[in-house]
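See below for structure_2.txt, which holds compact mmCIF, C-alpha atoms and all ligand atoms.
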```txt
# COMPACT_ATOMS: atom_id res chain seq x y z
CA MET H 118 15.56 -19.06 29.65
CA ILE H 119 15.22 -16.28 27.13
CA PRO H 120 17.45 -17.05 24.13
CA GLU H 121 20.32 -14.56 23.62
CA ASN H 122 19.26 -13.67 20.07
CA VAL H 123 15.81 -12.66 21.34
CA LYS H 124 17.27 -10.45 24.06
CA GLU H 125 19.61 -8.83 21.56
CA LYS H 126 16.81 -8.20 19.09
CA LEU H 127 14.63 -6.52 21.72
CA GLU H 128 17.55 -4.40 22.92
CA LYS H 129 18.40 -3.35 19.38
CA TYR H 130 14.84 -2.08 18.78
CA GLY H 131 14.22 -0.78 22.32
CA GLN H 132 11.39 -3.26 22.98
CA GLU H 133 12.58 -5.06 26.15
CA HIS H 134 9.32 -4.13 27.91
CA VAL H 135 7.43 -6.87 26.05
CA LEU H 136 9.05 -9.33 28.48
CA LYS H 137 7.51 -7.57 31.51
CA TYR H 138 5.36 -10.59 32.44
CA TYR H 139 7.63 -13.29 31.04
CA ASP H 140 8.41 -14.86 34.43
CA GLU H 141 4.69 -15.23 35.21
CA LEU H 142 3.99 -17.20 32.02
CA ASP H 143 3.68 -20.99 31.78
CA GLU H 144 6.19 -22.85 29.59
CA GLU H 145 3.93 -22.94 26.54
CA SER H 146 3.18 -19.22 26.64
CA LYS H 147 6.88 -18.45 27.12
CA LYS H 148 7.69 -20.41 23.99
CA ALA H 149 4.89 -18.71 22.05
CA LEU H 150 6.10 -15.24 23.02
CA VAL H 151 9.70 -16.07 22.11
CA SER H 152 8.65 -17.30 18.65
CA GLN H 153 6.45 -14.27 18.14
CA ILE H 154 9.43 -12.01 18.90
CA GLU H 155 11.66 -14.03 16.57
CA GLU H 156 9.17 -13.86 13.72
CA THR H 157 8.24 -10.18 14.04
CA ASP H 158 9.84 -7.72 11.66
CA MET H 159 10.82 -4.92 14.02
CA SER H 160 12.75 -2.93 11.43
CA ILE H 161 9.49 -1.20 10.48
CA LEU H 162 9.09 0.31 13.95
CA ALA H 163 11.52 3.15 13.29
CA ALA H 164 8.82 4.64 11.04
CA ALA H 165 6.74 5.37 14.16
CA LEU H 166 9.25 8.04 15.15
CA ASN H 167 8.62 9.87 11.90
CA PRO H 168 4.99 9.06 11.11
CA GLU H 169 4.29 12.10 8.93
CA LYS H 170 7.03 11.25 6.50
CA GLY H 171 5.42 9.79 3.38
CA ALA H 172 7.28 8.76 0.26
CA GLU H 173 8.28 11.83 -1.76
CA LYS H 174 5.95 12.33 -4.72
CA GLY H 175 7.35 12.72 -8.22
CA LYS H 176 6.06 15.05 -10.92
CA ILE H 177 2.25 14.88 -11.06
CA SER H 178 0.32 15.26 -14.30
CA PRO H 179 -3.26 14.33 -15.32
CA LEU H 180 -4.25 10.80 -16.36
CA PRO H 181 -7.32 10.91 -18.64
CA CYS H 182 -10.27 8.93 -17.37
CA MET H 183 -12.75 6.93 -19.44
CA GLU H 184 -15.86 8.90 -18.65
CA LEU H 185 -19.49 7.79 -18.75
CA ASP H 186 -20.22 9.02 -22.29
CA GLU H 187 -17.21 7.17 -23.69
CA ILE H 188 -18.24 4.05 -21.77
CA GLU H 189 -21.76 4.32 -23.17
CA ALA H 190 -20.44 4.69 -26.72
CA GLY H 191 -18.26 1.58 -26.37
CA ARG H 192 -20.57 -0.41 -24.08
CA GLU H 193 -21.49 -3.11 -26.57
CA VAL H 194 -17.89 -3.92 -27.48
CA PHE H 195 -16.68 -3.72 -23.88
CA GLU H 196 -19.47 -5.93 -22.61
CA ARG H 197 -18.83 -8.53 -25.29
CA THR H 198 -15.09 -8.62 -24.61
CA GLY H 199 -15.57 -8.71 -20.84
CA THR H 200 -18.21 -11.43 -21.03
CA GLU H 201 -15.96 -13.55 -23.25
CA ALA H 202 -13.11 -13.23 -20.72
CA ILE H 203 -15.43 -14.19 -17.86
CA LYS H 204 -16.92 -17.13 -19.74
CA ALA H 205 -13.39 -18.34 -20.50
CA GLY H 206 -12.71 -18.35 -16.73
CA LYS H 207 -10.06 -15.64 -17.02
CA VAL H 208 -11.48 -13.34 -14.34
CA ALA H 209 -11.51 -13.92 -10.58
CA ALA H 210 -12.65 -11.72 -7.72
CA VAL H 211 -10.62 -10.99 -4.58
CA LEU H 212 -12.45 -9.72 -1.53
CA LEU H 213 -10.21 -7.74 0.82
CA ALA H 214 -11.69 -8.57 4.20
CA GLY H 215 -8.64 -8.62 6.45
CA GLY H 216 -9.21 -5.16 7.96
CA MET H 217 -10.32 -4.60 11.54
CA GLY H 218 -13.05 -2.07 10.73
CA THR H 219 -12.23 -0.20 13.93
CA ARG H 220 -14.24 2.87 12.91
CA LEU H 221 -17.41 0.80 12.63
CA GLY H 222 -16.62 -0.55 16.07
CA SER H 223 -18.11 -4.02 15.84
CA ASP H 224 -16.15 -6.97 17.24
CA ASP H 225 -17.26 -9.19 14.35
CA PRO H 226 -15.72 -9.11 10.86
CA LYS H 227 -17.21 -6.17 8.94
CA GLY H 228 -18.88 -8.46 6.41
CA MET H 229 -21.05 -9.88 9.20
CA TYR H 230 -22.63 -6.49 9.83
CA ASN H 231 -26.39 -6.48 9.27
CA VAL H 232 -27.51 -3.49 7.20
CA GLY H 233 -31.10 -4.75 6.99
CA LEU H 234 -33.95 -3.01 8.79
CA THR H 235 -37.02 -5.21 8.47
CA LYS H 236 -35.03 -8.31 7.58
CA LYS H 237 -31.43 -9.45 7.90
CA LEU H 238 -29.14 -8.30 5.10
CA TYR H 239 -25.45 -8.78 5.82
CA ILE H 240 -22.64 -6.93 4.07
CA PHE H 241 -21.23 -10.26 2.81
CA GLU H 242 -24.68 -11.07 1.44
CA CYS H 243 -24.83 -7.76 -0.48
CA LEU H 244 -21.46 -8.55 -2.07
CA ILE H 245 -22.39 -12.12 -2.98
CA ASN H 246 -25.64 -10.82 -4.50
CA LYS H 247 -23.55 -8.53 -6.68
CA MET H 248 -21.48 -11.51 -7.81
CA LEU H 249 -24.59 -13.54 -8.48
CA ASP H 250 -25.85 -10.75 -10.80
CA VAL H 251 -22.82 -11.31 -13.02
CA VAL H 252 -23.13 -15.10 -12.76
CA LYS H 253 -26.67 -14.75 -14.05
CA GLN H 254 -25.63 -12.35 -16.79
CA THR H 255 -22.74 -14.47 -18.05
CA GLY H 256 -23.86 -17.97 -17.11
CA THR H 257 -20.49 -18.49 -15.40
CA TYR H 258 -19.39 -18.89 -11.79
CA ILE H 259 -16.44 -16.69 -10.93
CA HIS H 260 -13.80 -17.82 -8.43
CA LEU H 261 -13.91 -15.70 -5.30
CA PHE H 262 -10.76 -15.38 -3.16
CA VAL H 263 -11.34 -13.98 0.31
CA MET H 264 -8.51 -12.41 2.27
CA THR H 265 -8.91 -12.53 6.04
CA SER H 266 -6.43 -12.01 8.86
CA GLU H 267 -5.63 -14.22 11.83
CA LYS H 268 -7.95 -11.93 13.85
CA ASN H 269 -11.08 -12.65 11.83
CA ASN H 270 -10.38 -15.76 9.75
CA GLU H 271 -12.30 -18.28 11.84
CA ALA H 272 -15.27 -16.00 12.37
CA THR H 273 -15.47 -15.16 8.66
CA ILE H 274 -15.30 -18.75 7.46
CA GLY H 275 -17.67 -19.95 10.18
CA PHE H 276 -20.24 -17.28 9.31
CA LEU H 277 -20.14 -17.84 5.56
CA LYS H 278 -20.43 -21.62 6.02
CA GLU H 279 -23.34 -21.19 8.41
CA LYS H 280 -25.09 -19.03 5.81
CA SER H 281 -24.24 -21.51 3.00
CA PHE H 282 -22.22 -18.77 1.30
CA PHE H 283 -25.49 -16.96 0.58
CA GLY H 284 -26.09 -19.25 -2.36
CA TYR H 285 -22.61 -19.10 -3.92
CA PRO H 286 -21.09 -22.55 -4.59
CA GLU H 287 -18.53 -23.30 -1.88
CA GLU H 288 -16.04 -24.82 -4.35
CA TYR H 289 -15.68 -21.38 -5.94
CA VAL H 290 -14.73 -19.69 -2.64
CA HIS H 291 -11.12 -19.79 -1.42
CA PHE H 292 -9.76 -18.21 1.76
CA PHE H 293 -6.28 -16.97 2.55
CA LYS H 294 -4.82 -15.06 5.46
CA GLN H 295 -2.82 -11.87 5.24
CA GLU H 296 0.27 -11.14 7.33
CA MET H 297 0.28 -9.25 10.62
CA ALA H 298 2.47 -6.39 11.86
CA PRO H 299 3.18 -5.21 15.41
CA ALA H 300 1.13 -2.30 16.79
CA THR H 301 2.74 0.35 18.98
CA ASP H 302 2.07 3.35 21.17
CA TYR H 303 2.93 6.83 19.87
CA ASN H 304 6.57 6.32 20.93
CA GLY H 305 6.97 3.24 18.80
CA LYS H 306 6.84 0.82 21.75
CA ILE H 307 4.96 -2.37 20.93
CA TYR H 308 1.84 -2.84 23.04
CA LEU H 309 1.08 -6.14 24.76
CA GLU H 310 -2.40 -7.52 24.07
CA GLU H 311 -1.89 -10.38 26.52
CA LYS H 312 0.83 -11.00 29.06
CA GLY H 313 2.44 -13.40 26.65
CA ARG H 314 1.54 -11.76 23.34
CA MET H 315 2.53 -8.57 21.56
CA ALA H 316 -0.29 -6.57 19.99
CA THR H 317 -0.52 -7.13 16.26
CA SER H 318 -2.75 -5.89 13.53
CA PRO H 319 -3.24 -6.80 9.86
CA ASN H 320 -0.46 -5.25 7.77
CA GLY H 321 -2.68 -3.36 5.34
CA ASN H 322 -4.40 -4.42 2.13
CA GLY H 323 -1.25 -3.96 -0.02
CA GLY H 324 0.06 -7.42 0.80
CA TRP H 325 -2.91 -9.22 -0.75
CA PHE H 326 -1.06 -10.60 -3.77
CA ILE H 327 1.95 -11.89 -1.81
CA SER H 328 -0.36 -13.50 0.75
CA LEU H 329 -2.46 -15.10 -1.97
CA MET H 330 0.73 -16.42 -3.52
CA ARG H 331 2.13 -17.72 -0.20
CA ALA H 332 -1.12 -19.60 0.36
CA GLY H 333 -0.48 -21.51 -2.89
CA LEU H 334 -3.53 -19.94 -4.54
CA LEU H 335 -1.72 -18.18 -7.38
CA GLU H 336 -0.60 -21.54 -8.69
CA LYS H 337 -4.16 -22.83 -8.53
CA ALA H 338 -5.51 -19.66 -10.15
CA LYS H 339 -3.09 -20.05 -13.04
CA GLU H 340 -4.04 -23.71 -13.44
CA TRP H 341 -7.65 -22.60 -13.71
CA GLY H 342 -6.67 -20.10 -16.42
CA ILE H 343 -7.22 -16.93 -14.37
CA GLU H 344 -5.56 -13.89 -15.93
CA TRP H 345 -7.25 -11.05 -14.08
CA PHE H 346 -7.97 -10.38 -10.41
CA ASN H 347 -10.75 -7.92 -9.58
CA ILE H 348 -9.94 -6.84 -6.05
CA PHE H 349 -12.54 -5.00 -4.00
CA ALA H 350 -13.20 -3.71 -0.50
CA VAL H 351 -15.56 -5.43 1.90
CA ASP H 352 -17.36 -2.24 2.82
CA ASN H 353 -18.79 -0.95 -0.47
CA VAL H 354 -22.17 -2.64 -0.65
CA LEU H 355 -23.15 -1.23 -4.06
CA GLN H 356 -20.12 -1.92 -6.25
CA ARG H 357 -20.41 -4.21 -9.23
CA ILE H 358 -17.86 -7.01 -9.03
CA ALA H 359 -16.30 -8.63 -12.11
CA ASP H 360 -18.34 -6.13 -14.09
CA PRO H 361 -18.16 -7.28 -17.75
CA VAL H 362 -18.10 -3.71 -19.13
CA PHE H 363 -15.23 -2.70 -16.82
CA VAL H 364 -13.30 -5.89 -17.64
CA GLY H 365 -13.87 -5.42 -21.37
CA ALA H 366 -12.86 -1.75 -21.35
CA THR H 367 -9.59 -2.54 -19.53
CA ILE H 368 -8.79 -5.31 -22.02
CA GLU H 369 -9.79 -3.25 -25.07
CA LYS H 370 -7.64 -0.33 -23.91
CA LYS H 371 -4.72 -2.74 -23.44
CA CYS H 372 -4.16 -1.65 -19.86
CA VAL H 373 -2.64 -3.88 -17.16
CA VAL H 374 -4.86 -2.42 -14.47
CA GLY H 375 -8.31 -0.87 -14.45
CA ALA H 376 -9.49 1.33 -11.59
CA LYS H 377 -13.12 2.17 -10.93
CA VAL H 378 -13.40 5.84 -10.06
CA VAL H 379 -16.12 8.33 -9.17
CA ARG H 380 -16.31 12.00 -10.07
CA LYS H 381 -15.38 14.01 -6.97
CA ASN H 382 -18.28 15.80 -5.31
CA ALA H 383 -16.08 18.71 -4.17
CA PRO H 384 -12.51 19.75 -5.03
CA ASP H 385 -11.44 18.91 -1.48
CA GLU H 386 -13.33 15.62 -1.11
CA LYS H 387 -11.34 13.14 0.94
CA VAL H 388 -10.58 10.57 -1.74
CA GLY H 389 -7.35 9.63 -3.50
CA VAL H 390 -7.36 10.83 -7.11
CA MET H 391 -5.90 9.20 -10.19
CA CYS H 392 -2.97 10.88 -11.90
CA LEU H 393 0.36 10.22 -13.55
CA GLU H 394 3.44 10.48 -11.37
CA ASP H 395 6.67 10.77 -13.32
CA GLY H 396 4.76 9.41 -16.30
CA ARG H 397 3.39 6.30 -14.52
CA PRO H 398 -0.11 5.78 -13.17
CA SER H 399 -0.49 6.79 -9.55
CA ILE H 400 -2.86 8.04 -6.88
CA VAL H 401 -2.48 11.29 -4.97
CA GLU H 402 -4.08 11.13 -1.54
CA TYR H 403 -6.39 14.04 -0.67
CA TYR H 404 -3.93 15.34 1.93
CA GLU H 405 -1.18 15.39 -0.68
CA LEU H 406 -3.25 17.42 -3.13
CA THR H 407 -1.85 20.95 -3.25
CA ASP H 408 -4.10 23.95 -4.03
CA GLU H 409 -2.40 24.17 -7.39
CA LEU H 410 -3.37 20.57 -8.26
CA MET H 411 -6.84 20.99 -6.79
CA ASN H 412 -7.52 23.95 -9.10
CA ALA H 413 -5.68 22.69 -12.19
CA LYS H 414 -7.79 22.32 -15.36
CA ASP H 415 -7.45 19.94 -18.30
CA GLU H 416 -7.61 21.06 -21.96
CA LYS H 417 -11.44 20.98 -21.86
CA GLY H 418 -11.45 23.32 -18.88
CA ASN H 419 -12.57 20.59 -16.44
CA PRO H 420 -10.76 19.90 -13.16
CA ALA H 421 -7.66 17.90 -14.08
CA TYR H 422 -7.70 15.71 -10.94
CA ASN H 423 -11.36 15.00 -10.63
CA PHE H 424 -11.73 11.23 -10.26
CA GLY H 425 -11.41 9.44 -6.95
CA VAL H 426 -10.63 5.75 -6.48
CA ILE H 427 -13.13 3.46 -4.74
CA LEU H 428 -10.90 0.43 -4.10
CA ASN H 429 -12.14 -1.67 -6.97
CA TYR H 430 -9.27 -2.57 -9.30
CA LEU H 431 -8.73 -5.12 -12.02
CA PHE H 432 -5.12 -6.36 -12.12
CA TYR H 433 -3.44 -8.37 -14.85
CA VAL H 434 -1.77 -11.37 -13.23
CA ASP H 435 1.42 -11.32 -15.35
CA GLU H 436 2.02 -7.73 -14.30
CA LEU H 437 1.45 -8.60 -10.64
CA GLU H 438 4.08 -11.30 -10.90
CA ARG H 439 6.50 -8.84 -12.47
CA ILE H 440 6.23 -6.40 -9.57
CA VAL H 441 5.87 -8.83 -6.71
CA ARG H 442 9.41 -8.32 -5.39
CA GLU H 443 9.19 -4.52 -5.46
CA GLU H 444 8.78 -2.98 -2.04
CA LEU H 445 5.73 -0.89 -1.23
CA PRO H 446 5.95 2.25 0.92
CA LEU H 447 5.04 1.82 4.59
CA HIS H 448 2.14 3.86 5.98
CA VAL H 449 2.00 4.63 9.70
CA VAL H 450 -1.65 4.92 10.67
CA LYS H 451 -3.25 6.09 13.92
CA LYS H 452 -5.73 3.49 15.18
CA LYS H 453 -7.46 2.19 18.30
CA ILE H 454 -5.34 -0.64 19.65
CA PRO H 455 -6.49 -2.81 22.58
CA PHE H 456 -3.61 -3.05 25.07
CA LEU H 457 -2.60 -4.09 28.59
CA ASN H 458 -2.31 -1.12 30.91
CA GLU H 459 0.20 -0.62 33.73
CA ASN H 460 -1.79 -3.03 35.91
CA GLY H 461 -1.90 -5.73 33.28
CA GLU H 462 -5.59 -5.16 32.52
CA LEU H 463 -6.92 -5.17 28.96
CA VAL H 464 -8.13 -1.76 27.77
CA LYS H 465 -10.18 -1.23 24.61
CA PRO H 466 -9.64 2.43 23.80
CA GLU H 467 -12.44 4.69 22.51
CA GLU H 468 -9.99 6.89 20.61
CA PRO H 469 -6.86 6.12 18.58
CA ASN H 470 -3.98 5.40 20.94
CA GLY H 471 -1.14 4.28 18.71
CA TYR H 472 0.20 3.22 15.35
CA LYS H 473 -0.34 0.38 12.95
CA PHE H 474 1.97 -0.23 10.01
CA GLU H 475 0.39 -0.85 6.64
CA ASN H 476 1.14 -1.36 2.99
CA LEU H 477 -1.67 -0.15 0.77
CA VAL H 478 -3.01 -1.48 -2.47
CA LEU H 479 -3.22 2.02 -3.93
CA ASP H 480 0.59 2.13 -3.99
CA MET H 481 0.57 -0.90 -6.29
CA ILE H 482 -0.97 1.27 -9.00
CA HIS H 483 2.27 3.22 -9.32
CA GLN H 484 4.13 -0.03 -9.99
CA MET H 485 1.95 -0.76 -13.02
CA SER H 486 2.92 0.27 -16.52
CA SER H 487 -0.58 1.39 -17.60
CA CYS H 488 -3.93 2.04 -15.95
CA LEU H 489 -7.46 2.77 -17.12
CA PRO H 490 -9.47 4.97 -14.75
CA PHE H 491 -13.07 3.91 -15.45
CA GLU H 492 -15.88 6.18 -14.28
CA VAL H 493 -18.86 4.73 -12.43
CA VAL H 494 -21.95 6.54 -11.20
CA ARG H 495 -21.39 7.29 -7.53
CA GLU H 496 -25.04 6.81 -6.50
CA LYS H 497 -25.11 3.41 -8.17
CA GLU H 498 -21.73 1.97 -7.20
CA PHE H 499 -20.28 3.70 -4.18
CA ALA H 500 -21.74 3.14 -0.73
CA PRO H 501 -18.80 2.53 1.61
CA ILE H 502 -19.51 1.66 5.23
CA LYS H 503 -16.71 3.03 7.36
CA ASN H 504 -18.63 4.54 10.30
CA LYS H 505 -21.90 3.90 12.12
CA THR H 506 -23.37 7.32 11.34
CA GLY H 507 -22.56 10.37 9.19
CA VAL H 508 -20.36 10.31 6.10
CA ASP H 509 -19.62 6.86 4.62
CA SER H 510 -21.71 5.12 7.22
CA VAL H 511 -24.31 2.43 7.75
CA GLU H 512 -26.92 5.20 7.53
CA SER H 513 -25.68 6.67 4.24
CA ALA H 514 -25.25 3.20 2.70
CA ARG H 515 -28.82 2.25 3.68
CA GLU H 516 -30.14 5.33 1.88
CA LEU H 517 -28.19 4.43 -1.25
CA LEU H 518 -29.23 0.78 -1.11
CA LYS H 519 -32.87 1.86 -0.92
CA LYS H 520 -32.42 4.25 -3.86
CA ASN H 521 -31.09 1.32 -5.86
CA GLY H 522 -34.12 -0.77 -5.11
CA VAL H 523 -32.54 -3.06 -2.51
CA GLU H 524 -35.08 -4.17 0.08
CA LEU H 525 -33.93 -3.57 3.61
P1 LIG Y 601 -9.96 0.35 5.53
O1 LIG Y 601 -8.94 1.29 5.05
O2 LIG Y 601 -11.34 0.87 5.67
O3 LIG Y 601 -9.45 -0.25 6.92
O4 LIG Y 601 -9.94 -0.91 4.58
P2 LIG Y 601 -10.14 -1.15 8.02
O5 LIG Y 601 -9.02 -1.65 8.87
O6 LIG Y 601 -11.03 -2.20 7.49
O7 LIG Y 601 -11.08 -0.15 8.84
P3 LIG Y 601 -10.74 0.91 9.99
O8 LIG Y 601 -9.84 1.93 9.37
O9 LIG Y 601 -10.05 0.15 11.10
O10 LIG Y 601 -12.07 1.45 10.38
C1 LIG Y 601 -10.30 -0.88 3.23
C2 LIG Y 601 -10.42 -2.30 2.75
O11 LIG Y 601 -9.18 -2.99 2.88
C3 LIG Y 601 -9.33 -4.14 3.70
C4 LIG Y 601 -10.56 -3.88 4.53
O12 LIG Y 601 -11.10 -5.10 5.01
C5 LIG Y 601 -11.44 -3.14 3.54
O13 LIG Y 601 -12.03 -4.05 2.64
N1 LIG Y 601 -8.12 -4.30 4.53
C6 LIG Y 601 -7.66 -3.28 5.27
C7 LIG Y 601 -7.52 -5.53 4.54
O14 LIG Y 601 -7.97 -6.50 3.88
N2 LIG Y 601 -6.41 -5.68 5.32
C8 LIG Y 601 -5.91 -4.68 6.07
O15 LIG Y 601 -4.88 -4.89 6.75
C9 LIG Y 601 -6.54 -3.44 6.04
```

Would you mind writing the structure in this file as structure tokens?
Amino acid sequence: MIPENVKEKLEKYGQEHVLKYYDELDEESKKALVSQIEETDMSILAAALNPEKGAEKGKISPLPCMELDEIEAGREVFERTGTEAIKAGKVAAVLLAGGMGTRLGSDDPKGMYNVGLTKKLYIFECLINKMLDVVKQTGTYIHLFVMTSEKNNEATIGFLKEKSFFGYPEEYVHFFKQEMAPATDYNGKIYLEEKGRMATSPNGNGGWFISLMRAGLLEKAKEWGIEWFNIFAVDNVLQRIADPVFVGATIEKKCVVGAKVVRKNAPDEKVGVMCLEDGRPSIVEYYELTDELMNAKDEKGNPAYNFGVILNYLFYVDELERIVREELPLHVVKKKIPFLNENGELVKPEEPNGYKFENLVLDMIHQMSSCLPFEVVREKEFAPIKNKTGVDSVESARELLKKNGVEL
């Protein structure tokens, strides 16, 4: 029997089709599907009918960036302050590894991808090596929190254990899972991924702090004296993590968040740029950047919106706790979603075929009261792996790794 409340919920959101195979299911699968329906937040699905609608932007103005020459001039002080904070155990790293990496197209978690040529060199290994650089420099192990999703949690943990965490002490590595959201076709109808299971996908990287908190890890982090979380993407194999100079500069400038940025390589480069929005720090996405903003100049005559974010932020924990109840905007994103076709067969599409619903970490920046954009040299710190070939790919990252002396 399908409980009344479940039927009513599906009717309310126009999702009755997810029960198409209900009668064929065994008792256990029936129960599992009913609980999945009960637990799923379907109120977000309405956004699929209006996917282009983003949150209205406020008044945009420039946010000055700490550029390389200023960093060089203050390096000694910043490095000392940052190193002190790290030695005191105040800085932790958070690896965002819950994404599906659909553009790369591997079934394994992205971190398991081998970028080596003559030897094995996994993405996770590159990142751990970066952490070990700082461990060596500061003589301190840094706690590493790893966000996974229910789709890749087991594989991620299994792999890292098998590889003995690439030399990082296991007691400093902590895993937590992010939440999931339903995935739909272009009409907002939830796909089935099995006869007794609705298609779901990770709900974006914006939920990382809530998920970390729900897993009981915030409490632990506070017990350990952690005051700063350096969050970073799984796919940038060159970035410095818990970089003492970056940490020190953010602290010295009394900002509650620091954002590593790179100078744009063209006015229309597809990166989100740092700015102020109604007087608060924010990020304008490249598709929101009007011609007027693209061509605007600062008082020195340089482009006013010239620094793009690379998903490496340092957040002050107290400030995260202050904003934790504030809602983030919902992004409706076109993705490839495996689904059951008319005949009940699983199809893995080659092209995007529907929507996922995501909250994004970049929207958290606008909730913060102050932010330091901190310039890094693109060729030394930005090698994202989104695709197999072309821009931001395994190929381009390999070139950059080689240029930085990494043996492949
Ligand atoms: P991307 O925006 O590249 O998304 O994630 P993705 O899902 O991994 O890849 P595609 O678009 O399907 O190819 C940027 C960073 O945010 C993490 C990713 O793991 C990556 O480190 N992320 C993304 C999450 O942790 N959770 C998510 O739900 C989405």

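With all atoms listed in the file as the atoms that count, the set of residues no farther than 7 Å from ligand LIG 601 (chain Y) is H:Leu213, H:Ala214, H:Gly215, H:Gly216, H:Met217, H:Gly218, H:Thr219, H:Arg220, H:Leu221, H:Met264, H:Thr265, H:Pro319, H:Asn320, H:Gly321, H:Asn322, H:Phe349, H:Ala350, H:Val351, H:Asp352, H:Lys452, H:Glu475, H:Lys503.
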
Which is closer to Asn470 in chain H than all the others in H:Cys488, H:Leu334, H:Ala366, H:Ile307, using only C-alpha atoms?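 Looking only at the distances to Asn470 in chain H, the closest residue turns out to be H:Ile307.
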
Find the residue from H:Gly323, H:Gly471, H:Gly313, H:Pro398 that sits nearest to Gln484 in chain H; use all atoms listed in the file when measuring.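 Closest residue, counting all atoms listed in the file: H:Pro398.
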
When distances are computed from all atoms listed in the file, which of H:Asn419, H:Asn269, H:Ser399, H:Asn412 shows the smallest separation from Lys174 in chain H?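 Closest to Lys174 in chain H of all the choices is H:Ser399.
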
For Glu155 in chain H, work out the shell of residues within 12 Å, counting all atoms listed in the file and skipping chain neighbours fewer than 2 positions away, then give it as a list in words.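 Everything that qualifies: Ile119, Pro120, Glu121, Asn122, Val123, Lys124, Glu125, Lys126, Leu127, Lys148, Ala149, Leu150, Val151, Ser152, Gln153, Thr157, Asp158, Met159 and Met315 of chain H.
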
As a check of understanding: the span from CA of Pro384 in chain H to CA of Lys414 in chain H is 11.6 Å

Report, in Å to a single decimal, how far apart CA of Tyr430 in chain H and CA of Thr198 in chain H are.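 Distance reported for this atom pair: 17.5 Å.
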
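For range 291-305 of chain H, the non-local neighbours within 7 Å, defined as residues at least 3 positions apart in the same chain or in other chains and counting only C-alpha atoms, are Leu162, Ala165, Leu166, Gly215, Leu261, Phe262, Val263, Met264, Thr265, Ser266, Glu267, Tyr308, Ala316, Thr317, Ser318, Pro319, Asn320, Gly324, Trp325, Ser328, Leu329, Ala332, Asn470, Gly471, Tyr472, Lys473 and Phe474 of chain H.
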
Counting all atoms listed in the file, find the residues whose atoms lie at most 8 Å from (-17.7, 7.1, -13.5) (file coordinates) and write them out as a PyMOL selection string. chain H and resi 183-185+377-380+424+491-495

Select, from H:Glu405, H:Glu443, H:Glu462, H:Asp250, the residue with the minimum atom-to-atom distance to Ala359 in chain H, counting only C-alpha atoms. H:Asp250

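CA of Asp360 in chain H is positioned 10.9 Å from CA of Ala209 in chain H.
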